[in-house]
Each structure stands twice: as structure tokens, then as C-alpha cells.
>>> print(open('entry_20.cif').read())   # mmCIF, C-alpha atoms
data_query
#
loop_
_atom_site.label_atom_id
_atom_site.label_comp_id
_atom_site.auth_asym_id
_atom_site.auth_seq_id
_atom_site.Cartn_x
_atom_site.Cartn_y
_atom_site.Cartn_z
CA MET L 182 15.82 -97.14 69.36
CA ARG L 183 17.85 -94.51 67.55
CA SER L 184 19.63 -95.61 64.38
CA ILE L 185 23.32 -94.84 64.04
CA TRP L 186 23.69 -95.60 60.33
CA ASN L 187 21.40 -95.78 57.30
CA GLY L 188 22.17 -97.79 54.21
CA ALA L 189 21.23 -101.01 52.47
CA ILE L 190 22.05 -104.71 52.43
CA SER L 191 23.37 -105.84 49.07
CA PHE L 192 22.14 -109.41 48.55
CA GLY L 193 23.20 -110.23 44.98
CA LEU L 194 21.01 -107.97 42.85
CA VAL L 195 18.61 -107.44 45.75
CA SER L 196 18.98 -104.23 47.76
CA ILE L 197 17.34 -104.03 51.19
CA PRO L 198 17.15 -100.54 52.80
CA ILE L 199 17.99 -100.87 56.50
CA LYS L 200 18.80 -98.92 59.64
CA LEU L 201 21.64 -99.90 61.95
CA VAL L 202 20.80 -99.90 65.68
CA ASN L 203 23.08 -100.71 68.60
CA ALA L 204 22.15 -104.12 70.05
CA THR L 205 24.09 -103.69 73.30
CA GLU L 206 24.66 -100.98 75.88
CA SER L 207 27.03 -100.46 78.77
CA ARG L 208 25.48 -100.41 82.25
CA SER L 209 28.69 -99.80 84.17
CA VAL L 210 28.73 -96.86 86.57
CA SER L 211 30.83 -93.97 85.25
CA PHE L 212 32.73 -91.50 87.43
CA ARG L 213 34.03 -87.97 86.94
CA GLN L 214 37.40 -86.69 87.99
CA ILE L 215 37.32 -84.04 90.73
CA HIS L 216 39.75 -82.00 92.78
CA THR L 217 39.87 -83.84 96.13
CA GLU L 218 40.41 -80.65 98.14
CA ASP L 219 37.32 -78.73 97.04
CA GLY L 220 35.34 -81.19 94.86
CA GLY L 221 35.76 -79.09 91.72
CA ARG L 222 35.30 -80.85 88.39
CA ILE L 223 38.48 -81.62 86.43
CA ARG L 224 38.15 -80.91 82.71
CA TYR L 225 40.55 -81.43 79.87
CA LYS L 226 41.48 -78.69 77.46
CA LYS L 227 42.76 -79.30 73.95
CA VAL L 228 45.82 -77.12 73.60
CA CYS L 229 48.13 -76.68 70.63
CA GLU L 230 51.64 -77.59 71.71
CA LEU L 231 53.19 -74.96 69.40
CA ASP L 232 51.43 -71.80 70.61
CA GLY L 233 49.91 -73.08 73.86
CA GLU L 234 46.44 -71.83 72.88
CA GLU L 235 43.24 -73.80 73.50
CA VAL L 236 41.77 -75.11 70.22
CA ALA L 237 38.03 -75.39 69.47
CA THR L 238 36.65 -78.69 68.19
CA ALA L 239 35.84 -77.14 64.79
CA ASP L 240 39.49 -76.28 64.28
CA ILE L 241 40.80 -79.77 64.99
CA GLY L 242 41.73 -81.93 61.98
CA LYS L 243 43.39 -85.32 61.31
CA ALA L 244 46.98 -86.20 60.55
CA TYR L 245 49.09 -89.34 60.20
CA GLU L 246 52.29 -89.42 62.24
CA ASP L 247 55.17 -90.67 60.13
CA ALA L 248 58.01 -92.78 61.47
CA ASP L 249 60.24 -89.72 61.88
CA GLY L 250 57.57 -87.92 63.93
CA SER L 251 56.41 -85.57 61.18
CA MET L 252 52.65 -85.04 60.70
CA ILE L 253 50.94 -85.68 57.36
CA PRO L 254 47.59 -83.80 57.29
CA ILE L 255 44.57 -85.83 56.11
CA THR L 256 41.33 -84.02 55.25
CA ASP L 257 37.79 -85.34 55.09
CA GLU L 258 37.88 -84.68 51.32
CA ASP L 259 40.89 -86.98 51.02
CA LEU L 260 39.02 -89.80 52.72
CA ALA L 261 35.80 -89.16 50.79
CA SER L 262 37.64 -89.45 47.47
CA LEU L 263 38.82 -92.98 48.24
CA PRO L 264 36.96 -95.80 46.43
CA LEU L 265 34.82 -97.33 49.18
CA PRO L 266 31.92 -99.33 47.69
CA THR L 267 30.66 -100.23 51.16
CA ALA L 268 30.28 -96.61 52.29
CA LYS L 269 26.50 -96.97 52.41
CA THR L 270 26.13 -100.68 51.74
CA ILE L 271 26.44 -103.88 53.77
CA GLU L 272 27.76 -106.10 51.00
CA ILE L 273 27.24 -109.82 51.59
CA VAL L 274 30.20 -111.72 50.16
CA ALA L 275 29.52 -115.30 51.33
CA PHE L 276 27.33 -117.64 53.38
CA VAL L 277 29.16 -119.99 55.75
CA ALA L 278 28.47 -122.26 58.71
CA ALA L 279 28.43 -120.40 62.02
CA ASP L 280 31.22 -122.55 63.49
CA GLU L 281 33.59 -121.29 60.78
CA ILE L 282 33.64 -117.88 62.47
CA ASP L 283 36.31 -117.63 65.16
CA PRO L 284 34.70 -116.22 68.36
CA LEU L 285 37.90 -114.22 68.89
CA GLN L 286 36.86 -112.08 65.93
CA MET L 287 33.55 -111.07 67.53
CA ASP L 288 33.17 -107.33 68.13
CA ALA L 289 30.19 -104.99 68.59
CA ALA L 290 26.64 -106.20 67.85
CA TYR L 291 23.90 -104.38 65.94
CA TYR L 292 20.27 -104.94 64.93
CA LEU L 293 19.34 -104.39 61.29
CA SER L 294 15.90 -102.85 60.90
CA ALA L 295 13.97 -102.75 57.63
CA ASN L 296 13.81 -99.10 56.53
CA GLY L 297 10.32 -98.54 55.18
CA VAL L 298 7.48 -100.70 53.92
CA PRO L 299 9.12 -101.68 50.58
CA ALA L 300 12.05 -103.17 52.51
CA ALA L 301 9.85 -105.57 54.52
CA LYS L 302 9.57 -108.25 51.79
CA PRO L 303 13.26 -108.59 50.84
CA TYR L 304 14.21 -108.26 54.53
CA THR L 305 11.92 -111.18 55.43
CA LEU L 306 13.21 -113.18 52.47
CA LEU L 307 16.83 -112.87 53.64
CA ARG L 308 15.85 -113.67 57.23
CA GLU L 309 13.99 -116.84 56.29
CA ALA L 310 16.74 -117.91 53.87
CA LEU L 311 19.30 -117.63 56.68
CA LYS L 312 17.04 -119.65 58.97
CA ARG L 313 16.48 -122.46 56.49
CA SER L 314 20.10 -122.72 55.41
CA ASP L 315 21.31 -122.71 59.03
CA ARG L 316 24.15 -120.45 57.92
CA VAL L 317 25.40 -116.95 58.57
CA ALA L 318 26.28 -114.26 56.06
CA VAL L 319 29.74 -112.70 55.92
CA ALA L 320 29.61 -109.08 54.82
CA LYS L 321 31.74 -105.97 54.41
CA TYR L 322 30.55 -102.53 55.50
CA ALA L 323 31.95 -99.11 56.35
CA LEU L 324 31.35 -97.39 59.68
CA ARG L 325 33.05 -94.43 61.37
CA GLY L 326 35.51 -93.87 58.58
CA ARG L 327 36.80 -97.38 57.99
CA GLU L 328 35.77 -100.57 56.26
CA ARG L 329 34.84 -103.45 58.53
CA LEU L 330 33.91 -107.10 58.43
CA GLY L 331 30.57 -108.35 59.73
CA MET L 332 28.50 -111.47 60.29
CA LEU L 333 24.72 -111.49 59.78
CA ARG L 334 22.57 -113.98 61.68
CA VAL L 335 18.94 -114.34 62.75
CA VAL L 336 17.92 -113.43 66.30
CA GLY L 337 14.21 -114.05 66.85
CA ASP L 338 12.41 -112.14 64.08
CA VAL L 339 15.22 -109.75 63.21
CA ILE L 340 18.60 -109.87 61.49
CA ALA L 341 21.53 -109.05 63.75
CA MET L 342 25.02 -108.12 62.62
CA HIS L 343 28.18 -108.75 64.62
CA GLY L 344 31.17 -106.65 63.76
CA LEU L 345 34.19 -108.87 63.17
CA LEU L 346 37.87 -108.16 63.48
CA TRP L 347 39.85 -108.80 60.35
CA PRO L 348 41.74 -112.10 60.56
CA ASP L 349 45.11 -110.31 60.75
CA GLU L 350 43.87 -108.34 63.78
CA VAL L 351 43.68 -111.48 65.92
CA ARG L 352 47.00 -112.14 67.63
CA GLU L 353 48.59 -115.57 67.84
CA PRO L 354 48.72 -116.95 71.42
CA GLU L 355 52.49 -117.24 71.50
CA GLY L 356 53.96 -117.92 74.93
CA VAL L 357 50.53 -118.13 76.58
CA ALA L 358 50.16 -121.90 77.10
CA PRO L 359 52.07 -123.60 79.96
CA GLU L 360 55.65 -124.20 78.90
CA ALA L 361 56.32 -127.22 81.12
CA PRO L 362 54.71 -130.51 80.02
CA VAL L 363 51.69 -131.37 82.16
CA SER L 364 49.87 -134.70 82.31
CA VAL L 365 46.29 -135.04 83.50
CA ARG L 366 45.09 -138.32 84.99
CA GLU L 367 41.80 -139.98 84.13
CA ALA L 368 40.70 -139.71 87.77
CA GLU L 369 41.17 -135.94 87.67
CA LEU L 370 39.17 -135.71 84.44
CA ASP L 371 36.41 -137.82 86.04
CA LEU L 372 36.13 -135.38 88.94
CA ALA L 373 36.26 -132.39 86.60
CA ASP L 374 33.43 -133.93 84.56
CA ALA L 375 31.47 -134.53 87.76
CA LEU L 376 31.94 -130.90 88.79
CA MET L 377 30.77 -129.70 85.37
CA ALA L 378 27.71 -131.95 85.57
CA THR L 379 26.93 -130.77 89.12
CA LEU L 380 27.15 -127.09 88.21
CA GLY L 381 24.93 -127.90 85.24
CA GLU L 382 23.31 -125.23 83.10
CA VAL L 383 22.25 -121.72 84.03
CA ASP L 384 19.66 -119.26 82.81
CA LEU L 385 21.82 -116.40 81.55
CA ASP L 386 19.00 -113.95 82.27
CA SER L 387 19.40 -114.73 85.98
CA LEU L 388 23.01 -113.52 86.04
CA HIS L 389 23.67 -109.93 87.08
CA ASP L 390 26.50 -107.56 87.93
CA ASP L 391 26.95 -107.80 91.72
CA TYR L 392 29.71 -105.20 91.72
CA ARG L 393 27.60 -102.60 89.92
CA GLU L 394 24.73 -103.16 92.36
CA ALA L 395 27.09 -102.69 95.31
CA VAL L 396 28.41 -99.45 93.78
CA GLU L 397 24.87 -98.15 93.24
CA GLU L 398 23.90 -98.99 96.84
CA MET L 399 26.99 -97.23 98.14
CA ILE L 400 26.25 -94.11 96.04
CA ALA L 401 22.62 -94.06 97.21
CA ALA L 402 23.70 -94.35 100.86
CA LYS L 403 26.21 -91.51 100.55
CA ALA L 404 23.71 -89.34 98.64
CA GLU L 405 21.28 -89.64 101.56
CA GLY L 406 23.98 -88.44 103.92
CA GLY L 407 24.65 -91.82 105.43
CA GLU L 408 27.79 -93.86 105.71
CA ALA L 409 29.12 -96.02 102.96
CA VAL L 410 28.09 -99.68 102.93
CA VAL L 411 30.50 -101.81 104.95
CA PRO L 412 32.22 -104.10 102.49
CA ALA L 413 32.20 -107.83 103.04
CA ALA L 414 35.37 -109.51 104.25
CA PRO L 415 37.59 -110.20 101.28
CA ALA L 416 38.00 -113.81 100.28
CA GLU L 417 41.31 -115.47 100.93
CA GLU L 418 43.73 -115.10 98.11
CA GLY L 419 44.43 -118.38 96.37
CA GLY L 420 47.20 -117.26 94.06
CA GLY L 421 50.65 -118.74 94.42
CA ARG L 422 49.61 -121.63 96.66
CA VAL L 423 50.25 -125.27 95.80
CA ILE L 424 46.96 -127.12 96.16
CA ASP L 425 45.90 -130.74 96.15
CA LEU L 426 44.02 -130.79 92.86
CA MET L 427 42.06 -133.96 93.64
CA ALA L 428 40.99 -132.66 97.06
CA ALA L 429 40.01 -129.31 95.56
CA LEU L 430 37.90 -131.01 92.89
CA GLU L 431 36.18 -133.25 95.44
CA SER L 432 35.46 -130.28 97.70
CA SER L 433 34.11 -128.32 94.72
CA VAL L 434 31.74 -131.13 93.76
CA ARG L 435 30.58 -131.44 97.39
CA ALA L 436 30.01 -127.69 97.72
CA ALA L 437 28.14 -127.52 94.40
CA LYS L 438 25.84 -130.36 95.45
CA GLU L 439 25.16 -128.77 98.83
CA ALA L 440 24.37 -125.47 97.13
CA ARG L 441 21.79 -127.26 94.99
CA GLY L 442 20.34 -129.07 98.02
CA GLU L 443 21.58 -132.45 96.83
CA GLU L 444 23.22 -135.15 98.87
CA PRO L 445 27.01 -134.96 98.52
CA ALA L 446 27.39 -138.69 99.20
CA SER L 447 28.23 -139.42 95.59
CA VAL L 448 31.59 -137.72 96.13
CA THR L 449 32.71 -140.92 97.89
CA GLU L 450 31.71 -142.90 94.85
CA LEU L 451 33.68 -140.48 92.71
CA ALA L 452 36.68 -140.99 94.97
CA GLY L 453 36.32 -144.75 94.54
CA ARG L 454 36.17 -144.34 90.80
CA LYS L 455 39.19 -142.07 91.02
CA ARG L 456 41.18 -144.68 92.94
CA ALA L 457 40.09 -147.41 90.55
CA ALA L 458 41.36 -145.31 87.66
CA ALA L 459 44.59 -144.70 89.56
CA SER L 460 45.05 -148.43 90.12
CA ARG L 461 44.58 -149.05 86.42
CA SER L 462 47.26 -146.52 85.66
CA THR L 463 49.65 -148.21 88.19
CA PRO L 464 49.18 -152.00 87.77
CA LYS L 465 52.30 -152.83 89.84
CA GLU L 466 50.57 -151.96 93.14
CA THR L 467 49.58 -154.96 95.28
CA GLY L 468 46.01 -155.85 96.12
CA ALA L 469 46.65 -155.09 99.80
CA LYS L 470 47.55 -151.47 99.02
CA LYS L 471 44.49 -151.03 96.86
CA SER L 472 42.25 -152.42 99.58
CA THR L 473 43.80 -150.22 102.26
CA ALA L 474 43.24 -147.09 100.11
CA THR L 475 39.46 -147.60 100.13
CA GLY L 476 37.05 -147.54 103.06
CA GLY L 477 34.21 -149.70 104.41
CA ARG L 478 34.02 -153.11 102.82
CA ALA L 479 37.29 -152.48 101.02
CA GLY L 480 38.96 -151.95 104.42
CA ALA L 481 37.60 -155.27 105.67
CA ALA L 482 38.95 -156.95 102.58
CA ALA L 483 42.33 -155.43 103.36
CA LYS L 484 42.28 -156.96 106.89
CA LYS L 485 41.53 -160.38 105.45
CA THR L 486 44.36 -159.98 103.03
CA THR L 487 46.85 -159.13 105.84
CA GLN L 488 46.14 -162.13 108.19
CA PRO L 489 48.98 -163.79 110.26
CA LYS L 490 51.32 -166.43 108.81
CA LYS L 491 49.10 -169.31 110.10
CA THR L 492 46.50 -168.45 107.56
CA THR L 493 49.19 -168.45 104.92
CA ALA L 494 50.32 -171.90 106.02
CA ARG L 495 46.79 -173.30 105.84
CA THR L 496 46.42 -171.81 102.45
CA GLY L 497 49.66 -173.50 101.41
CA SER L 498 48.46 -176.92 102.68
CA ALA L 499 45.20 -176.52 100.84
CA ALA L 500 47.15 -175.69 97.71
CA LYS L 501 49.26 -178.85 98.11
CA ARG L 502 46.17 -181.03 98.54
CA THR L 503 44.65 -179.44 95.49
CA ALA L 504 47.84 -180.13 93.52
CA THR L 505 47.85 -183.80 94.68
CA LYS L 506 44.24 -184.26 93.59
CA SER L 507 45.04 -182.66 90.27
CA THR L 508 47.98 -185.05 89.77
CA ALA L 509 45.83 -188.05 90.61
CA THR L 510 43.24 -186.91 88.11
CA LYS L 511 45.85 -186.62 85.40
CA SER L 512 47.10 -190.24 85.89
CA THR L 513 46.76 -192.68 82.98
CA ALA L 514 43.83 -194.97 82.33
CA THR L 515 46.04 -198.06 82.98
CA THR L 516 46.82 -196.89 86.52
CA LYS L 517 43.10 -196.32 87.16
CA SER L 518 42.33 -199.84 85.96
CA THR L 519 45.03 -201.41 88.16
CA SER L 520 43.88 -199.45 91.18
CA THR L 521 40.29 -200.56 90.56
CA THR L 522 41.31 -204.28 90.35
CA LYS L 523 43.24 -204.11 93.62
CA SER L 524 40.38 -202.40 95.33
CA THR L 525 37.96 -205.12 94.16
CA ALA L 526 40.24 -207.88 95.46
CA LYS L 527 40.55 -206.22 98.86
CA LYS L 528 36.78 -205.90 99.14
CA ALA L 529 36.31 -209.62 98.32
CA THR L 530 38.86 -210.69 101.00
CA ALA L 531 37.16 -208.44 103.53
CA LYS L 532 33.80 -210.09 102.83
CA LYS L 533 35.22 -213.63 103.41
CA ALA L 534 36.74 -212.55 106.71
CA THR L 535 33.44 -211.14 107.84
CA THR L 536 31.62 -214.35 106.95
CA LYS L 537 34.00 -216.48 109.03
CA LYS L 538 33.58 -214.24 112.06
CA ALA L 539 29.83 -214.20 111.73
CA THR L 540 29.38 -218.03 111.56
CA PRO L 541 30.22 -218.84 115.24
CA ARG L 542 27.77 -216.17 116.41
CA LYS L 543 24.95 -217.92 114.57
CA ARG L 544 25.85 -221.27 116.24
CA SER L 545 25.83 -219.77 119.71
CA ALA L 546 22.43 -218.28 118.98
#
>>> encode(input="entry_20.cif", output="C-alpha cells")
Amino acid sequence: MRSIWNGAISFGLVSIPIKLVNATESRSVSFRQIHTEDGGRIRYKKVCELDGEEVATADIGKAYEDADGSMIPITDEDLASLPLPTAKTIEIVAFVAADEIDPLQMDAAYYLSANGVPAAKPYTLLREALKRSDRVAVAKYALRGRERLGMLRVVGDVIAMHGLLWPDEVREPEGVAPEAPVSVREAELDLADALMATLGEVDLDSLHDDYREAVEEMIAAKAEGGEAVVPAAPAEEGGGRVIDLMAALESSVRAAKEARGEEPASVTELAGRKRAAASRSTPKETGAKKSTATGGRAGAAAKKTTQPKKTTARTGSAAKRTATKSTATKSTATTKSTSTTKSTAKKATAKKATTKKATPRKRSA
């Protein structure tokens, strides 16, 4: 890979000669502008607005436009005379935990390559120190005429550097969040969690640019003199429609499971969990309504709950008998004793009566 910058990493008193190499590249298909009538290429000319003459690249300089519109010429000598200690040096200023870097600051990525054999030892030392500390290095460097901020981290066996935006270059998200207050129910979060778990993880290497592939196929077909590829039917637009969020989440979980070849039956269980969570959030609802909202055995329970008034009457009688028994149980020990004495006397009288009736039978025998 071709280096775009040569310099050194300043690591305290250690200097590591390195080369800077682009770590990423754009694969998007680029187009040229043409004249639609004859296919001629459209080119831009750099013309001076004062004399109308085309200007060569060598005759083009820099200038700063002041607030009143006047131009202040700036030469390369002016910029070279400025004190810029990082002109040829990536100066490490601190080592921090990776999560202290705001991802919004991430910019272009580069690989740092050791420049020459003498640089191999200090390069390896810095790489291993970053690995063991589980930290990243924050550095300042200059590239393309301006000083920049960077983050050094280990990728495999090399040190990579991510260009960072300066903190004041990241805009505050004012007016971006929903203005109206929105509440999210636990049941909705449960289904969202289920959808996240169903989609699971993905091998990023398996992802590709479908649009770019379609463009390349279309170009190849037209280059061979054929017709352009017939585009697929566009998906229905979903913007501006009011949707049932719960139904959409359930359908998404079901579709994700079917795509993975799994049984979507657990969506019913998720719905039951959703309704259970909803009932917890609304405790004033009656048991009959909760039972009716569910299916299967819950529906049967609902039918039992909504029986005719006869069942209610029997239930009431049973409750009265239970109350009577409870009252009898709570009676005092004296009442129990009196009741026991009366019962004993009645049993004795009954025995005498039986004996008198039985005596004539024996005589007749």
C-alpha cells in the first residue's frame, strides 16, 4: 500500500519512524457528467471572474474571505512559517480508556507502518504496551495543512490511527429528540428485547452493498448492448402511517424467527407475557377481563368466571355455611362443655329406651 505521509510517533523521548497508509477505501460506483444529446463529457474550467480567462492550476493560490467579502491572500510561505510542532510528528499526549472517546468524533482511519528496521523495536514496544494497558493513545498530528486530533489503537499486529474531530466540531443535538413526552410500556420493551435476541449477532464480513452490486450488473448489461435490469417492485412506503406498535413488534419477531428457520410459536408466549405486564400496570381491571384477553386455557377460565346467577347463589350458600362453621369454632370453651354434657345425657336416654323396646322381643323368642 502506498503511504500518504511520512513522519514519526513521539512517545515521550522515544521517536518511532512511521509511514501513514489509508486503512479504508471507497467502493461506490462513480459517474461522469455528460451532455445528454450527444454523450459528450462535461468538464469544468477554472475561470477568473475579473478577466474571464481560464486559469492554470499552477497559477491558483489561497485566500481567506473576510466578512465584507474582501480576499486576504495566504501563501504557502505564510503557512510554513507558523509554529506547528506536529508537522512531521504524531505527538502522543495521553493514554485513556477507549470508552472515553465519543464515537461521534471518529473520522478517517489509517494504518501506521514501521519505517525501516530500526523502527521495528520501538513500534512493537508501543503496540504491546497499548495491548497490555487496554487503553488507546490520544495524539495530535498535522495532515493536509492543518493540525488534527487522533486516536491510536491496536488492530491485529499493527497500530491503527483514527482521525478525530475536535470536541468543538461536534454539534449539540438540539431539537433532535421527540418534543412530546412519550412513555414506553414494559410489554413493549419485552417484545423489543425479544426481537433483538431473535435477530441476534451477525458476521460483519457477510454484509455487502446490494445497491452497488445492482448498479454494476446494470452497467454490465448495458455495456453488452442489452437492456437494463428490471428493478424489483418498490417496497410500500411506511412513512406517515400510524401503526400498532405491539402488532408490528410481534410480526417482526415472527418474521425474524421464520427467516432463521425457527418456530414462531414463542410469539404467543411473548404476547402472554405482554398482557401479564399490562395487567400489572393496570391493577383495576377485573379477573374476567384478564381471562378474556388470553386464549386457550385462559379462555376456559373466563367462561367459568362468567357463569349464570345460580352458580353465584350456590357460592353464596357455601360461603354462609363456611361462616357458620367458623362462628361455631370460635365459640367459648364453656359453651363446648355444656353442649357436650347435653349430648351425653341424650345418648344415655336413648340407650334406656332401646333396652325397654328390646326386652319384649327376647321374651317372645
>>> axis_aligned_box(input="entry_20.cif", around="stretch 373-377 of chain L", padding_each_side="5 Å", output="JSON")
{"center_x": 33.5, "center_y": -132.1, "center_z": 86.7, "size_x": 15.5, "size_y": 14.8, "size_z": 14.2}
>>> atom_distance(input="entry_20.cif", atom1="atom CA of L:Gly337", atom2="atom CA of L:Asn296")
18.2 Å
>>> residues_near_point(input="entry_20.cif", point="(19.8, -94.4, 68.2)", cutoff="9 Å", atoms="all atoms listed in the file", output="tab-separated table (two decimals) with C-alpha atoms, in the frame of the given file")
chain	number	residue	atom	x	y	z
L	182	MET	CA	15.82	-97.14	69.36
L	183	ARG	CA	17.85	-94.51	67.55
L	184	SER	CA	19.63	-95.61	64.38
L	185	ILE	CA	23.32	-94.84	64.04
L	186	TRP	CA	23.69	-95.60	60.33
L	201	LEU	CA	21.64	-99.90	61.95
L	202	VAL	CA	20.80	-99.90	65.68
L	203	ASN	CA	23.08	-100.71	68.60
>>> resolve_selection(input="entry_20.cif", expression="the PyMOL selection byres ((chain L and resi 226-243) around 7)", output="tab-separated table (two decimals) with C-alpha atoms, in the frame of the given file")
chain	number	residue	atom	x	y	z
L	224	ARG	CA	38.15	-80.91	82.71
L	225	TYR	CA	40.55	-81.43	79.87
L	244	ALA	CA	46.98	-86.20	60.55
L	254	PRO	CA	47.59	-83.80	57.29
L	255	ILE	CA	44.57	-85.83	56.11
L	256	THR	CA	41.33	-84.02	55.25
>>> closest_residue(input="entry_20.cif", among="L:Ala290, L:Val434, L:Ala318, L:Ala268", to="L:Gly381", atoms="all atoms listed in the file")
L:Val434
>>> residues_around(input="entry_20.cif", residues="L:Met377", least_positions_apart="2", cutoff="12 Å", atoms="all atoms listed in the file", output="number ranges by chain")
L: 370-375, 379-383, 430-431, 433-434, 437-438
>>> atom_distance(input="entry_20.cif", atom1="atom CA of L:Asp249", atom2="atom CA of L:Arg325")
27.6 Å
>>> resolve_selection(input="entry_20.cif", expression="the PyMOL selection byres ((chain L and resi 350-357) around 12)", output="count of residues only")
17
>>> atom_distance(input="entry_20.cif", atom1="atom CA of L:Met427", atom2="atom CA of L:Glu369")
6.4 Å
>>> decode(input="entry_20.cif", residues="stretch 343-373 of chain L", atoms="N, CA and C atoms", output="PDB file, in the first residue's frame")
ATOM      1  N   HIS L 343      -7.118   6.553  14.195  1.00  0.00           N
ATOM      2  CA  HIS L 343      -8.378   7.135  13.743  1.00  0.00           C
ATOM      3  C   HIS L 343      -8.290   8.647  13.888  1.00  0.00           C
ATOM      4  N   GLY L 344      -8.531   9.339  12.788  1.00  0.00           N
ATOM      5  CA  GLY L 344      -8.630  10.787  12.908  1.00  0.00           C
ATOM      6  C   GLY L 344      -9.862  11.138  13.725  1.00  0.00           C
ATOM      7  N   LEU L 345      -9.727  12.127  14.590  1.00  0.00           N
ATOM      8  CA  LEU L 345     -10.836  12.554  15.449  1.00  0.00           C
ATOM      9  C   LEU L 345     -11.178  14.008  15.158  1.00  0.00           C
ATOM     10  N   LEU L 346     -12.449  14.304  15.224  1.00  0.00           N
ATOM     11  CA  LEU L 346     -12.866  15.706  15.174  1.00  0.00           C
ATOM     12  C   LEU L 346     -12.533  16.351  16.505  1.00  0.00           C
ATOM     13  N   TRP L 347     -12.224  17.618  16.466  1.00  0.00           N
ATOM     14  CA  TRP L 347     -12.021  18.329  17.718  1.00  0.00           C
ATOM     15  C   TRP L 347     -13.357  18.409  18.463  1.00  0.00           C
ATOM     16  N   PRO L 348     -13.331  18.393  19.786  1.00  0.00           N
ATOM     17  CA  PRO L 348     -14.595  18.400  20.538  1.00  0.00           C
ATOM     18  C   PRO L 348     -15.557  19.514  20.124  1.00  0.00           C
ATOM     19  N   ASP L 349     -15.023  20.701  19.775  1.00  0.00           N
ATOM     20  CA  ASP L 349     -15.920  21.797  19.415  1.00  0.00           C
ATOM     21  C   ASP L 349     -16.471  21.662  17.991  1.00  0.00           C
ATOM     22  N   GLU L 350     -16.040  20.600  17.272  1.00  0.00           N
ATOM     23  CA  GLU L 350     -16.580  20.364  15.934  1.00  0.00           C
ATOM     24  C   GLU L 350     -17.801  19.442  15.951  1.00  0.00           C
ATOM     25  N   VAL L 351     -18.095  18.879  17.105  1.00  0.00           N
ATOM     26  CA  VAL L 351     -19.273  18.022  17.251  1.00  0.00           C
ATOM     27  C   VAL L 351     -20.447  18.874  17.709  1.00  0.00           C
ATOM     28  N   ARG L 352     -21.499  18.882  16.940  1.00  0.00           N
ATOM     29  CA  ARG L 352     -22.650  19.732  17.249  1.00  0.00           C
ATOM     30  C   ARG L 352     -23.528  19.110  18.328  1.00  0.00           C
ATOM     31  N   GLU L 353     -24.151  19.966  19.123  1.00  0.00           N
ATOM     32  CA  GLU L 353     -25.102  19.504  20.133  1.00  0.00           C
ATOM     33  C   GLU L 353     -26.412  19.108  19.441  1.00  0.00           C
ATOM     34  N   PRO L 354     -27.055  18.015  19.894  1.00  0.00           N
ATOM     35  CA  PRO L 354     -28.293  17.561  19.242  1.00  0.00           C
ATOM     36  C   PRO L 354     -29.522  18.345  19.700  1.00  0.00           C
ATOM     37  N   GLU L 355     -29.499  19.631  19.494  1.00  0.00           N
ATOM     38  CA  GLU L 355     -30.625  20.464  19.925  1.00  0.00           C
ATOM     39  C   GLU L 355     -31.804  20.311  18.958  1.00  0.00           C
ATOM     40  N   GLY L 356     -32.980  20.078  19.528  1.00  0.00           N
ATOM     41  CA  GLY L 356     -34.185  19.956  18.727  1.00  0.00           C
ATOM     42  C   GLY L 356     -34.274  18.674  17.927  1.00  0.00           C
ATOM     43  N   VAL L 357     -33.480  17.665  18.261  1.00  0.00           N
ATOM     44  CA  VAL L 357     -33.493  16.409  17.518  1.00  0.00           C
ATOM     45  C   VAL L 357     -34.397  15.373  18.176  1.00  0.00           C
ATOM     46  N   ALA L 358     -34.366  15.308  19.512  1.00  0.00           N
ATOM     47  CA  ALA L 358     -35.180  14.329  20.241  1.00  0.00           C
ATOM     48  C   ALA L 358     -36.660  14.694  20.132  1.00  0.00           C
ATOM     49  N   PRO L 359     -37.563  13.690  20.280  1.00  0.00           N
ATOM     50  CA  PRO L 359     -39.002  13.987  20.253  1.00  0.00           C
ATOM     51  C   PRO L 359     -39.359  15.029  21.298  1.00  0.00           C
ATOM     52  N   GLU L 360     -40.151  16.006  20.882  1.00  0.00           N
ATOM     53  CA  GLU L 360     -40.527  17.079  21.809  1.00  0.00           C
ATOM     54  C   GLU L 360     -41.632  16.644  22.752  1.00  0.00           C
ATOM     55  N   ALA L 361     -42.607  15.888  22.251  1.00  0.00           N
ATOM     56  CA  ALA L 361     -43.720  15.445  23.096  1.00  0.00           C
ATOM     57  C   ALA L 361     -43.252  14.326  24.018  1.00  0.00           C
ATOM     58  N   PRO L 362     -43.724  14.303  25.266  1.00  0.00           N
ATOM     59  CA  PRO L 362     -43.347  13.227  26.188  1.00  0.00           C
ATOM     60  C   PRO L 362     -43.918  11.888  25.719  1.00  0.00           C
ATOM     61  N   VAL L 363     -43.097  10.877  25.740  1.00  0.00           N
ATOM     62  CA  VAL L 363     -43.501   9.541  25.283  1.00  0.00           C
ATOM     63  C   VAL L 363     -43.175   8.535  26.375  1.00  0.00           C
ATOM     64  N   SER L 364     -44.138   7.667  26.684  1.00  0.00           N
ATOM     65  CA  SER L 364     -43.920   6.611  27.674  1.00  0.00           C
ATOM     66  C   SER L 364     -43.887   5.269  26.965  1.00  0.00           C
ATOM     67  N   VAL L 365     -43.000   4.411  27.386  1.00  0.00           N
ATOM     68  CA  VAL L 365     -42.858   3.076  26.808  1.00  0.00           C
ATOM     69  C   VAL L 365     -43.221   2.058  27.869  1.00  0.00           C
ATOM     70  N   ARG L 366     -44.123   1.143  27.526  1.00  0.00           N
ATOM     71  CA  ARG L 366     -44.564   0.129  28.473  1.00  0.00           C
ATOM     72  C   ARG L 366     -43.563  -1.016  28.566  1.00  0.00           C
ATOM     73  N   GLU L 367     -43.627  -1.734  29.690  1.00  0.00           N
ATOM     74  CA  GLU L 367     -42.741  -2.874  29.887  1.00  0.00           C
ATOM     75  C   GLU L 367     -42.997  -3.954  28.847  1.00  0.00           C
ATOM     76  N   ALA L 368     -44.279  -4.131  28.459  1.00  0.00           N
ATOM     77  CA  ALA L 368     -44.608  -5.152  27.462  1.00  0.00           C
ATOM     78  C   ALA L 368     -43.948  -4.830  26.126  1.00  0.00           C
ATOM     79  N   GLU L 369     -43.907  -3.566  25.761  1.00  0.00           N
ATOM     80  CA  GLU L 369     -43.270  -3.162  24.512  1.00  0.00           C
ATOM     81  C   GLU L 369     -41.765  -3.392  24.571  1.00  0.00           C
ATOM     82  N   LEU L 370     -41.171  -3.105  25.726  1.00  0.00           N
ATOM     83  CA  LEU L 370     -39.736  -3.358  25.895  1.00  0.00           C
ATOM     84  C   LEU L 370     -39.443  -4.850  25.830  1.00  0.00           C
ATOM     85  N   ASP L 371     -40.345  -5.684  26.400  1.00  0.00           N
ATOM     86  CA  ASP L 371     -40.150  -7.131  26.340  1.00  0.00           C
ATOM     87  C   ASP L 371     -40.115  -7.619  24.897  1.00  0.00           C
ATOM     88  N   LEU L 372     -41.046  -7.124  24.080  1.00  0.00           N
ATOM     89  CA  LEU L 372     -41.074  -7.536  22.683  1.00  0.00           C
ATOM     90  C   LEU L 372     -39.871  -6.995  21.914  1.00  0.00           C
ATOM     91  N   ALA L 373     -39.453  -5.771  22.235  1.00  0.00           N
ATOM     92  CA  ALA L 373     -38.268  -5.225  21.587  1.00  0.00           C
ATOM     93  C   ALA L 373     -37.032  -6.048  21.940  1.00  0.00           C
TER      94      ALA L 373
END
